[in-house]
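Q: Got a structure for you, query-v1.cif, holding mmCIF, C-alpha atoms.
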```cif
data_run
loop_
_atom_site.group_PDB
_atom_site.id
_atom_site.type_symbol
_atom_site.label_atom_id
_atom_site.label_comp_id
_atom_site.auth_asym_id
_atom_site.auth_seq_id
_atom_site.Cartn_x
_atom_site.Cartn_y
_atom_site.Cartn_z
ATOM 1 C CA MET X 1 0.000 0.000 0.000
ATOM 2 C CA LEU X 2 1.225 3.470 -0.872
ATOM 3 C CA PRO X 3 -0.078 6.247 1.407
ATOM 4 C CA LEU X 4 -1.314 9.358 -0.377
ATOM 5 C CA HIS X 5 -2.513 11.539 2.488
ATOM 6 C CA ASP X 6 -4.274 11.390 5.813
ATOM 7 C CA THR X 7 -7.569 12.911 6.885
ATOM 8 C CA VAL X 8 -6.265 15.131 9.692
ATOM 9 C CA PRO X 9 -5.871 18.786 8.624
ATOM 10 C CA ALA X 10 -2.910 20.642 10.096
ATOM 11 C CA ARG X 11 -3.604 23.991 11.790
ATOM 12 C CA ARG X 12 -0.288 25.601 10.913
ATOM 13 C CA LEU X 13 2.372 25.472 8.233
ATOM 14 C CA PRO X 14 4.732 22.591 9.038
ATOM 15 C CA ALA X 15 7.899 24.695 8.926
ATOM 16 C CA ALA X 16 10.121 22.038 10.495
ATOM 17 C CA VAL X 17 8.907 19.321 8.137
ATOM 18 C CA TRP X 18 9.462 21.548 5.114
ATOM 19 C CA ALA X 19 12.958 22.464 6.326
ATOM 20 C CA LEU X 20 13.894 18.830 6.921
ATOM 21 C CA VAL X 21 12.654 17.792 3.494
ATOM 22 C CA PHE X 22 14.569 20.635 1.850
ATOM 23 C CA VAL X 23 17.852 19.905 3.658
ATOM 24 C CA ASN X 24 17.629 16.173 3.005
ATOM 25 C CA ALA X 25 16.908 16.768 -0.683
ATOM 26 C CA ALA X 26 19.776 19.255 -1.029
ATOM 27 C CA ILE X 27 22.268 16.877 0.587
ATOM 28 C CA PHE X 28 21.101 13.993 -1.587
ATOM 29 C CA LEU X 29 21.581 16.067 -4.733
ATOM 30 C CA TYR X 30 25.100 16.786 -3.497
ATOM 31 C CA GLU X 31 25.649 13.042 -3.017
ATOM 32 C CA VAL X 32 24.550 12.367 -6.589
ATOM 33 C CA ARG X 33 27.311 14.655 -7.873
ATOM 34 C CA LEU X 34 30.069 12.859 -5.966
ATOM 35 C CA GLY X 35 30.272 9.738 -8.083
ATOM 36 C CA PRO X 36 30.685 6.185 -6.709
ATOM 37 C CA ASP X 37 34.142 6.630 -5.155
ATOM 38 C CA GLY X 38 33.437 10.050 -3.671
ATOM 39 C CA LEU X 39 30.088 8.875 -2.352
ATOM 40 C CA GLN X 40 31.680 5.900 -0.606
ATOM 41 C CA LEU X 41 34.175 8.174 1.150
ATOM 42 C CA PHE X 42 31.365 10.563 2.086
ATOM 43 C CA VAL X 43 29.241 7.784 3.576
ATOM 44 C CA ASP X 44 32.204 6.256 5.418
ATOM 45 C CA ARG X 45 32.921 9.619 6.997
ATOM 46 C CA TYR X 46 29.418 10.790 7.870
ATOM 47 C CA GLY X 47 27.465 7.527 8.166
ATOM 48 C CA MET X 48 26.849 5.920 11.551
ATOM 49 C CA ILE X 49 29.053 2.843 12.049
ATOM 50 C CA PRO X 50 27.873 0.761 15.034
ATOM 51 C CA ALA X 51 31.340 -0.685 15.700
ATOM 52 C CA ASP X 52 32.783 2.821 16.024
ATOM 53 C CA LEU X 53 30.138 3.884 18.543
ATOM 54 C CA SER X 54 30.331 0.717 20.635
ATOM 55 C CA ALA X 55 34.144 0.737 20.882
ATOM 56 C CA PRO X 56 35.705 2.045 24.143
ATOM 57 C CA GLY X 57 35.469 5.835 23.968
ATOM 58 C CA GLY X 58 33.780 5.593 20.595
ATOM 59 C CA LEU X 59 30.579 7.340 21.623
ATOM 60 C CA ALA X 60 32.463 10.472 22.678
ATOM 61 C CA ARG X 61 34.292 10.623 19.334
ATOM 62 C CA HIS X 62 31.666 9.481 16.876
ATOM 63 C CA TRP X 63 28.289 10.636 18.261
ATOM 64 C CA PRO X 64 28.002 13.417 15.609
ATOM 65 C CA THR X 65 27.655 10.702 12.963
ATOM 66 C CA VAL X 66 24.281 9.811 14.476
ATOM 67 C CA ILE X 67 23.061 13.234 13.323
ATOM 68 C CA THR X 68 24.911 13.421 10.000
ATOM 69 C CA SER X 69 23.771 9.919 9.021
ATOM 70 C CA MET X 70 20.158 11.065 9.326
ATOM 71 C CA PHE X 71 20.649 13.319 6.305
ATOM 72 C CA LEU X 72 22.274 10.740 4.013
ATOM 73 C CA HIS X 73 20.377 8.429 1.671
ATOM 74 C CA GLY X 74 21.506 5.618 -0.579
ATOM 75 C CA SER X 75 19.165 5.968 -3.541
ATOM 76 C CA TRP X 76 16.339 7.964 -5.063
ATOM 77 C CA LEU X 77 13.839 5.405 -3.762
ATOM 78 C CA HIS X 78 15.345 5.672 -0.281
ATOM 79 C CA ILE X 79 15.021 9.436 0.028
ATOM 80 C CA ILE X 80 11.684 9.727 -1.773
ATOM 81 C CA GLY X 81 10.159 7.074 0.479
ATOM 82 C CA ASN X 82 11.483 8.669 3.667
ATOM 83 C CA MET X 83 10.525 12.203 2.741
ATOM 84 C CA TRP X 84 7.072 11.095 1.583
ATOM 85 C CA PHE X 85 6.349 9.496 4.949
ATOM 86 C CA LEU X 86 7.681 12.556 6.760
ATOM 87 C CA TRP X 87 5.515 14.817 4.603
ATOM 88 C CA ILE X 88 2.316 12.841 5.205
ATOM 89 C CA PHE X 89 2.612 12.145 8.923
ATOM 90 C CA GLY X 90 5.053 14.763 10.174
ATOM 91 C CA ASP X 91 2.880 17.847 9.737
ATOM 92 C CA ASN X 92 0.297 16.631 12.249
ATOM 93 C CA VAL X 93 2.887 15.619 14.835
ATOM 94 C CA GLU X 94 4.586 19.009 14.443
ATOM 95 C CA ASP X 95 1.171 20.620 14.763
ATOM 96 C CA ARG X 96 0.625 18.994 18.153
ATOM 97 C CA LEU X 97 4.162 19.368 19.544
ATOM 98 C CA GLY X 98 5.051 22.755 18.075
ATOM 99 C CA THR X 99 7.891 23.445 15.655
ATOM 100 C CA ALA X 100 10.784 23.727 18.111
ATOM 101 C CA ARG X 101 9.753 20.710 20.173
ATOM 102 C CA PHE X 102 9.148 18.716 17.009
ATOM 103 C CA LEU X 103 12.720 19.313 15.865
ATOM 104 C CA VAL X 104 14.079 18.227 19.242
ATOM 105 C CA PHE X 105 11.768 15.192 19.158
ATOM 106 C CA TYR X 106 12.877 14.320 15.621
ATOM 107 C CA PHE X 107 16.577 14.279 16.445
ATOM 108 C CA LEU X 108 16.086 12.484 19.757
ATOM 109 C CA GLY X 109 14.084 9.905 17.836
ATOM 110 C CA GLY X 110 17.090 9.442 15.579
ATOM 111 C CA PHE X 111 19.319 8.934 18.626
ATOM 112 C CA ALA X 112 16.892 6.411 20.122
ATOM 113 C CA ALA X 113 16.820 4.541 16.822
ATOM 114 C CA ALA X 114 20.616 4.496 16.625
ATOM 115 C CA ALA X 115 20.922 3.333 20.241
ATOM 116 C CA LEU X 116 18.805 0.238 19.674
ATOM 117 C CA GLN X 117 20.466 -0.571 16.340
ATOM 118 C CA VAL X 118 23.939 -0.344 17.883
ATOM 119 C CA SER X 119 22.921 -2.417 20.907
ATOM 120 C CA VAL X 120 21.553 -5.173 18.649
ATOM 121 C CA ASP X 121 24.473 -5.184 16.186
ATOM 122 C CA PRO X 122 27.424 -3.524 17.966
ATOM 123 C CA THR X 123 30.188 -5.020 15.807
ATOM 124 C CA SER X 124 28.807 -3.994 12.417
ATOM 125 C CA GLN X 125 31.249 -2.088 10.237
ATOM 126 C CA VAL X 126 28.559 -1.171 7.719
ATOM 127 C CA PRO X 127 27.613 2.535 7.766
ATOM 128 C CA SER X 128 23.979 3.107 8.619
ATOM 129 C CA ILE X 129 22.377 6.031 6.783
ATOM 130 C CA GLY X 130 18.926 7.502 6.337
ATOM 131 C CA ALA X 131 16.232 9.355 8.246
ATOM 132 C CA SER X 132 14.132 6.218 8.738
ATOM 133 C CA GLY X 133 14.734 5.966 12.493
ATOM 134 C CA ALA X 134 13.627 9.536 13.150
ATOM 135 C CA ILE X 135 10.651 9.142 10.816
ATOM 136 C CA ALA X 136 9.719 5.933 12.630
ATOM 137 C CA ALA X 137 9.516 8.086 15.770
ATOM 138 C CA VAL X 138 7.104 10.355 13.907
ATOM 139 C CA LEU X 139 4.949 7.328 13.022
ATOM 140 C CA GLY X 140 5.005 6.176 16.634
ATOM 141 C CA ALA X 141 3.826 9.582 17.810
ATOM 142 C CA TYR X 142 1.174 9.770 15.087
ATOM 143 C CA ILE X 143 -0.463 6.468 16.036
ATOM 144 C CA VAL X 144 -0.773 7.688 19.640
ATOM 145 C CA LEU X 145 -1.954 11.212 18.856
ATOM 146 C CA TYR X 146 -4.325 10.432 15.969
ATOM 147 C CA PRO X 147 -5.618 6.869 16.464
ATOM 148 C CA THR X 148 -8.912 7.603 14.695
ATOM 149 C CA ALA X 149 -7.319 9.131 11.587
ATOM 150 C CA THR X 150 -7.615 7.536 8.179
ATOM 151 C CA VAL X 151 -4.846 7.085 5.624
ATOM 152 C CA ILE X 152 -5.920 7.265 1.976
ATOM 153 C CA SER X 153 -3.776 4.677 0.202
ATOM 154 C CA ILE X 154 -3.261 3.197 -3.243
ATOM 155 C CA VAL X 155 -3.558 -0.579 -3.436
ATOM 156 C CA PRO X 156 -2.598 -2.130 -6.794
ATOM 157 C CA ILE X 157 -5.170 -4.722 -7.878
ATOM 158 C CA PHE X 158 -4.032 -6.540 -10.993
ATOM 159 C CA PHE X 159 -1.944 -3.478 -11.933
ATOM 160 C CA LEU X 160 -4.949 -1.191 -11.455
ATOM 161 C CA PRO X 161 -4.668 1.442 -8.685
ATOM 162 C CA LEU X 162 -7.455 1.269 -6.118
ATOM 163 C CA LEU X 163 -7.971 3.996 -3.511
ATOM 164 C CA VAL X 164 -8.662 2.582 -0.069
ATOM 165 C CA ASP X 165 -9.392 4.285 3.261
ATOM 166 C CA VAL X 166 -7.260 2.554 5.869
ATOM 167 C CA PRO X 167 -7.469 3.391 9.599
ATOM 168 C CA ALA X 168 -4.149 4.853 10.701
ATOM 169 C CA VAL X 169 -3.953 2.335 13.552
ATOM 170 C CA LEU X 170 -4.044 -0.528 11.057
ATOM 171 C CA TRP X 171 -1.785 1.124 8.490
ATOM 172 C CA ILE X 172 0.983 2.090 10.915
ATOM 173 C CA GLY X 173 0.421 -1.006 13.058
ATOM 174 C CA PHE X 174 1.005 -3.260 10.053
ATOM 175 C CA TRP X 175 4.119 -1.260 9.157
ATOM 176 C CA PHE X 176 5.515 -1.716 12.678
ATOM 177 C CA LEU X 177 4.701 -5.432 12.698
ATOM 178 C CA GLU X 178 6.658 -5.792 9.464
ATOM 179 C CA GLN X 179 9.679 -4.045 11.012
ATOM 180 C CA TRP X 180 9.459 -6.226 14.132
ATOM 181 C CA LEU X 181 9.257 -9.499 12.206
ATOM 182 C CA ASN X 182 12.037 -8.550 9.815
ATOM 183 C CA GLY X 183 14.175 -7.401 12.722
ATOM 184 C CA PHE X 184 13.918 -10.779 14.460
ATOM 185 C CA VAL X 185 14.544 -12.670 11.248
ATOM 186 C CA ALA X 186 17.642 -10.537 10.606
ATOM 187 C CA LEU X 187 19.053 -11.641 13.972
ATOM 188 C CA PHE X 188 19.324 -15.192 12.632
ATOM 189 C CA LEU X 189 19.803 -14.452 8.931
ATOM 190 C CA PRO X 190 22.514 -11.788 8.541
ATOM 191 C CA ALA X 191 21.978 -11.980 4.787
ATOM 192 C CA MET X 192 18.884 -9.838 5.364
ATOM 193 C CA GLY X 193 21.202 -6.924 6.087
ATOM 194 C CA GLY X 194 20.878 -3.631 4.279
ATOM 195 C CA VAL X 195 17.964 -2.324 6.326
ATOM 196 C CA ALA X 196 18.315 -1.117 9.916
ATOM 197 C CA TRP X 197 15.141 -2.801 11.138
ATOM 198 C CA TRP X 198 15.959 -2.277 14.814
ATOM 199 C CA ALA X 199 16.534 1.429 14.252
ATOM 200 C CA HIS X 200 12.959 1.609 12.975
ATOM 201 C CA ILE X 201 11.718 -0.264 16.043
ATOM 202 C CA GLY X 202 13.697 1.910 18.453
ATOM 203 C CA GLY X 203 12.524 5.135 16.858
ATOM 204 C CA PHE X 204 8.901 3.991 16.778
ATOM 205 C CA LEU X 205 8.809 2.994 20.460
ATOM 206 C CA PHE X 206 10.475 6.271 21.417
ATOM 207 C CA GLY X 207 7.882 8.240 19.448
ATOM 208 C CA MET X 208 5.016 6.421 21.139
ATOM 209 C CA ALA X 209 6.455 7.016 24.600
ATOM 210 C CA VAL X 210 6.989 10.733 24.024
ATOM 211 C CA ALA X 211 3.518 11.232 22.536
ATOM 212 C CA ILE X 212 1.541 9.611 25.353
ATOM 213 C CA PRO X 213 1.419 12.740 27.587
ATOM 214 C CA TYR X 214 0.306 14.859 24.605
ATOM 215 C CA ARG X 215 -2.480 12.385 23.851
ATOM 216 C CA PHE X 216 -4.301 13.460 27.010
ATOM 217 C CA GLN X 217 -3.735 17.184 26.590
ATOM 218 C CA PRO X 218 -6.194 19.280 24.574
ATOM 219 C CA PRO X 219 -4.622 20.739 21.423
ATOM 220 C CA ARG X 220 -3.437 24.293 21.867
ATOM 221 C CA ARG X 221 -5.425 26.865 19.949
ATOM 222 C CA HIS X 222 -3.744 29.039 17.356
ATOM 223 C CA TYR X 223 -4.787 32.476 16.261
ATOM 224 C CA VAL X 224 -4.320 34.300 13.003
ATOM 225 C CA GLY X 225 -3.989 37.999 13.648
ATOM 226 C CA TYR X 226 -5.829 39.204 16.752
ATOM 227 C CA ASP X 227 -9.433 38.249 16.329
ATOM 228 C CA ARG X 228 -9.718 35.208 14.107
ATOM 229 C CA GLU X 229 -9.153 31.688 15.393
ATOM 230 C CA TRP X 230 -7.690 28.934 13.262
ATOM 231 C CA PRO X 231 -9.706 26.000 14.642
ATOM 232 C CA PHE X 232 -8.424 22.519 15.172
ATOM 233 C CA GLY X 233 -9.938 20.069 12.768
#
```
Would it be possible to restate this file's structure as C-alpha cells?

A:
Amino acid sequence: MLPLHDTVPARRLPAAVWALVFVNAAIFLYEVRLGPDGLQLFVDRYGMIPADLSAPGGLARHWPTVITSMFLHGSWLHIIGNMWFLWIFGDNVEDRLGTARFLVFYFLGGFAAAALQVSVDPTSQVPSIGASGAIAAVLGAYIVLYPTATVISIVPIFFLPLLVDVPAVLWIGFWFLEQWLNGFVALFLPAMGGVAWWAHIGGFLFGMAVAIPYRFQPPRRHYVGYDREWPFG
C-alpha cells in the first residue's frame, strides 16, 4: 500500500517538516554529484558505524555521525520514500508538539533509533544512513496522537490502482509489525542486512512514549492575527 494523504488537517504550516525535506533533498543532490568513489568516502565519513560507537570511547568521538547519518540516503527510492512518509505524517505531529519541540523530538528519535540498532548489532562495520529511524519516531507519535485518523492509500489490484481508506492504527500497526518481524529474522539471517530494522523499532517505540502525555492534553489553539481563530480540525 502506498499512502497518499491522511484525513487530519494541520492547523499551521509545518515549517520544520518543510525544512527537513529541503535539507535532506539538497544533501542527496550533493551526493549524486560525488560519483561512486566520492560517495563511498562521504558515507564512510558521515554515516553511523555501530562498531565505532560501541568501541571504548567511541561514543564520545563518533556521536556526531548519528546526526549526520540522518541526512544521508543511498538511492532515489530511499530518500523519496522517507521524505514522503515525513511529509504525510510529520505535519500533524509538528502541529501537536510545536515546531521547536518537534525538531528536538525528531533528532532524539534518531538517537533512540541508533541506540537500539547499535545495541543489537554492535560489531557492524557497515555505515547506517537515512532518516528512517527519526521518521519511525514520527509514526510512533502519530499512532498515539491520531488513532482515529484515516490514511488514503493506493492498493494495486491486478496493476490497477485502487484507492482505499485505511485506519491509521491498522496502516501504521502493520508497518511496525513488518519491522518487528524482519528485525527478528535478521538476527538469525545476517543476509537480510541492508535495512536497519531495529533502528525503525527503536525510533517507533520512542515516538510512542513521548507522545503519550500529549495524547491526554487538549490541542493548543492558534490564532491568526488578533481576532480570528484557526480551529483545530

Q: Which residues of segment 157-206 of chain X come within 10 Å of segment 135-152 of chain X, and what is each one's closest atom pair and distance in Å (one decimal), counting all atoms listed in the file, sorted by chain and residue number, as a tab-separated table?

A:
```
residue	atom	partner	partner_atom	distance
X:Leu163	CA	X:Ile152	CA	6.7
X:Val164	CA	X:Ile152	CA	5.8
X:Asp165	CA	X:Ile152	CA	4.8
X:Val166	CA	X:Val151	CA	5.1
X:Pro167	CA	X:Thr150	CA	4.4
X:Ala168	CA	X:Thr150	CA	5.1
X:Val169	CA	X:Pro147	CA	5.6
X:Leu170	CA	X:Thr150	CA	9.3
X:Trp171	CA	X:Val151	CA	7.3
X:Ile172	CA	X:Ile143	CA	6.9
X:Gly173	CA	X:Ile143	CA	8.1
X:Trp175	CA	X:Leu139	CA	9.5
X:Phe176	CA	X:Ala136	CA	8.7
X:Ala199	CA	X:Ala136	CA	8.3
X:His200	CA	X:Ala136	CA	5.4
X:Ile201	CA	X:Ala136	CA	7.4
X:Gly202	CA	X:Ala137	CA	7.9
X:Gly203	CA	X:Ala137	CA	4.4
X:Phe204	CA	X:Ala137	CA	4.3
X:Leu205	CA	X:Gly140	CA	6.3
X:Phe206	CA	X:Ala137	CA	6.0
```

Q: Would you put the residues from that selection into a file with C-alpha atoms, as a CSV table (one decimal), in the frame of the given file?

A:
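Done, and the output landed in part27.csv:
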```csv
chain,number,residue,atom,x,y,z
X,163,LEU,CA,-8.0,4.0,-3.5
X,164,VAL,CA,-8.7,2.6,-0.1
X,165,ASP,CA,-9.4,4.3,3.3
X,166,VAL,CA,-7.3,2.6,5.9
X,167,PRO,CA,-7.5,3.4,9.6
X,168,ALA,CA,-4.1,4.9,10.7
X,169,VAL,CA,-4.0,2.3,13.6
X,170,LEU,CA,-4.0,-0.5,11.1
X,171,TRP,CA,-1.8,1.1,8.5
X,172,ILE,CA,1.0,2.1,10.9
X,173,GLY,CA,0.4,-1.0,13.1
X,175,TRP,CA,4.1,-1.3,9.2
X,176,PHE,CA,5.5,-1.7,12.7
X,199,ALA,CA,16.5,1.4,14.3
X,200,HIS,CA,13.0,1.6,13.0
X,201,ILE,CA,11.7,-0.3,16.0
X,202,GLY,CA,13.7,1.9,18.5
X,203,GLY,CA,12.5,5.1,16.9
X,204,PHE,CA,8.9,4.0,16.8
X,205,LEU,CA,8.8,3.0,20.5
X,206,PHE,CA,10.5,6.3,21.4
```

Q: When you count all atoms listed in the file, which of these residues is closest to Ser54 of chain X: X:Ala134, X:Val120, X:Leu162, X:Ala186?

A: X:Val120

Q: Point out the residue among X:Leu29, X:Val210, X:Ala55, X:Ala113 with the least atom-to-atom distance to Leu97 of chain X, counting all atoms listed in the file.

A: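 Ranking X:Leu29, X:Val210, X:Ala55, X:Ala113 by distance to Leu97 of chain X, first place goes to X:Val210.
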
Q: Name the closest residue to Gly98 of chain X among the candidates X:Asn82, X:Phe216, X:Ala196, X:Arg12; distances are taken between atoms, counting only C-alpha atoms.

A: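 Selected residue with least distance to Gly98 of chain X: X:Arg12.
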
Q: Using only C-alpha atoms, which residues sit within 10 Å of Pro127 of chain X once same-chain residues fewer than 2 positions away are excluded, as a list in words?

A: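 In the requested form, the answer reads Gln40, Val43, Asp44, Arg45, Tyr46, Gly47, Met48, Ile49, Pro50, Ala51, Asp52, Thr65, Ser69, Ser124, Gln125, Ile129 and Gly194 of chain X.
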
Q: Point out the residue among X:Phe28, X:Asn92, X:Ile67, X:Phe159 with the least atom-to-atom distance to Ala15 of chain X, counting only C-alpha atoms.

A: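 Smallest separation from Ala15 of chain X among the options: X:Asn92.
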
Q: Using all atoms listed in the file, find the one residue out of X:Pro64, X:Pro14, X:Gly207, X:Pro3 that sits nearest to Glu94 of chain X.

A: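 Among the listed residues, the smallest separation from Glu94 of chain X belongs to X:Pro14.
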
Q: If I only have part of segment 95-121 of chain X, can you fill in N, CA and C atoms and write it as a short mmCIF file (atom, residue, chain, number, x, y, z; two decimals), in the frame of the given file?

A:
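Writing done, so here's part-v7.cif:
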```cif
data_model
loop_
_atom_site.label_atom_id
_atom_site.label_comp_id
_atom_site.auth_asym_id
_atom_site.auth_seq_id
_atom_site.Cartn_x
_atom_site.Cartn_y
_atom_site.Cartn_z
N ASP X 95 2.31 19.80 14.37
CA ASP X 95 1.17 20.62 14.76
C ASP X 95 0.87 20.47 16.25
N ARG X 96 0.94 19.25 16.75
CA ARG X 96 0.62 18.99 18.15
C ARG X 96 1.78 19.37 19.08
N LEU X 97 3.02 19.11 18.68
CA LEU X 97 4.16 19.37 19.54
C LEU X 97 4.64 20.81 19.47
N GLY X 98 4.45 21.45 18.31
CA GLY X 98 5.05 22.76 18.08
C GLY X 98 6.35 22.57 17.31
N THR X 99 6.75 23.58 16.55
CA THR X 99 7.89 23.44 15.66
C THR X 99 9.19 23.15 16.39
N ALA X 100 9.52 23.92 17.41
CA ALA X 100 10.78 23.73 18.11
C ALA X 100 10.83 22.36 18.79
N ARG X 101 9.76 22.00 19.49
CA ARG X 101 9.75 20.71 20.17
C ARG X 101 9.75 19.56 19.18
N PHE X 102 9.13 19.77 18.03
CA PHE X 102 9.15 18.72 17.01
C PHE X 102 10.57 18.45 16.53
N LEU X 103 11.34 19.51 16.31
CA LEU X 103 12.72 19.31 15.86
C LEU X 103 13.53 18.56 16.91
N VAL X 104 13.37 18.94 18.17
CA VAL X 104 14.08 18.23 19.24
C VAL X 104 13.63 16.76 19.27
N PHE X 105 12.33 16.55 19.18
CA PHE X 105 11.77 15.19 19.16
C PHE X 105 12.32 14.38 17.98
N TYR X 106 12.40 15.00 16.83
CA TYR X 106 12.88 14.32 15.62
C TYR X 106 14.31 13.82 15.80
N PHE X 107 15.18 14.68 16.29
CA PHE X 107 16.58 14.28 16.44
C PHE X 107 16.76 13.29 17.59
N LEU X 108 16.02 13.46 18.68
CA LEU X 108 16.09 12.48 19.76
C LEU X 108 15.56 11.13 19.29
N GLY X 109 14.57 11.15 18.42
CA GLY X 109 14.08 9.90 17.84
C GLY X 109 15.17 9.21 17.04
N GLY X 110 15.97 10.01 16.32
CA GLY X 110 17.09 9.44 15.58
C GLY X 110 18.12 8.82 16.51
N PHE X 111 18.37 9.48 17.65
CA PHE X 111 19.32 8.93 18.63
C PHE X 111 18.78 7.65 19.24
N ALA X 112 17.48 7.62 19.56
CA ALA X 112 16.89 6.41 20.12
C ALA X 112 16.98 5.26 19.12
N ALA X 113 16.73 5.56 17.87
CA ALA X 113 16.82 4.54 16.82
C ALA X 113 18.24 4.01 16.71
N ALA X 114 19.22 4.91 16.73
CA ALA X 114 20.62 4.50 16.62
C ALA X 114 21.03 3.67 17.83
N ALA X 115 20.54 4.05 19.02
CA ALA X 115 20.92 3.33 20.24
C ALA X 115 20.49 1.87 20.18
N LEU X 116 19.27 1.62 19.73
CA LEU X 116 18.80 0.24 19.67
C LEU X 116 19.53 -0.53 18.58
N GLN X 117 19.76 0.10 17.43
CA GLN X 117 20.47 -0.57 16.34
C GLN X 117 21.88 -0.96 16.76
N VAL X 118 22.57 -0.06 17.44
CA VAL X 118 23.94 -0.34 17.88
C VAL X 118 23.94 -1.44 18.94
N SER X 119 22.97 -1.41 19.85
CA SER X 119 22.92 -2.42 20.91
C SER X 119 22.64 -3.80 20.34
N VAL X 120 21.88 -3.88 19.25
CA VAL X 120 21.55 -5.17 18.65
C VAL X 120 22.70 -5.69 17.78
N ASP X 121 23.40 -4.79 17.11
CA ASP X 121 24.47 -5.18 16.19
C ASP X 121 25.70 -4.32 16.42
#
```
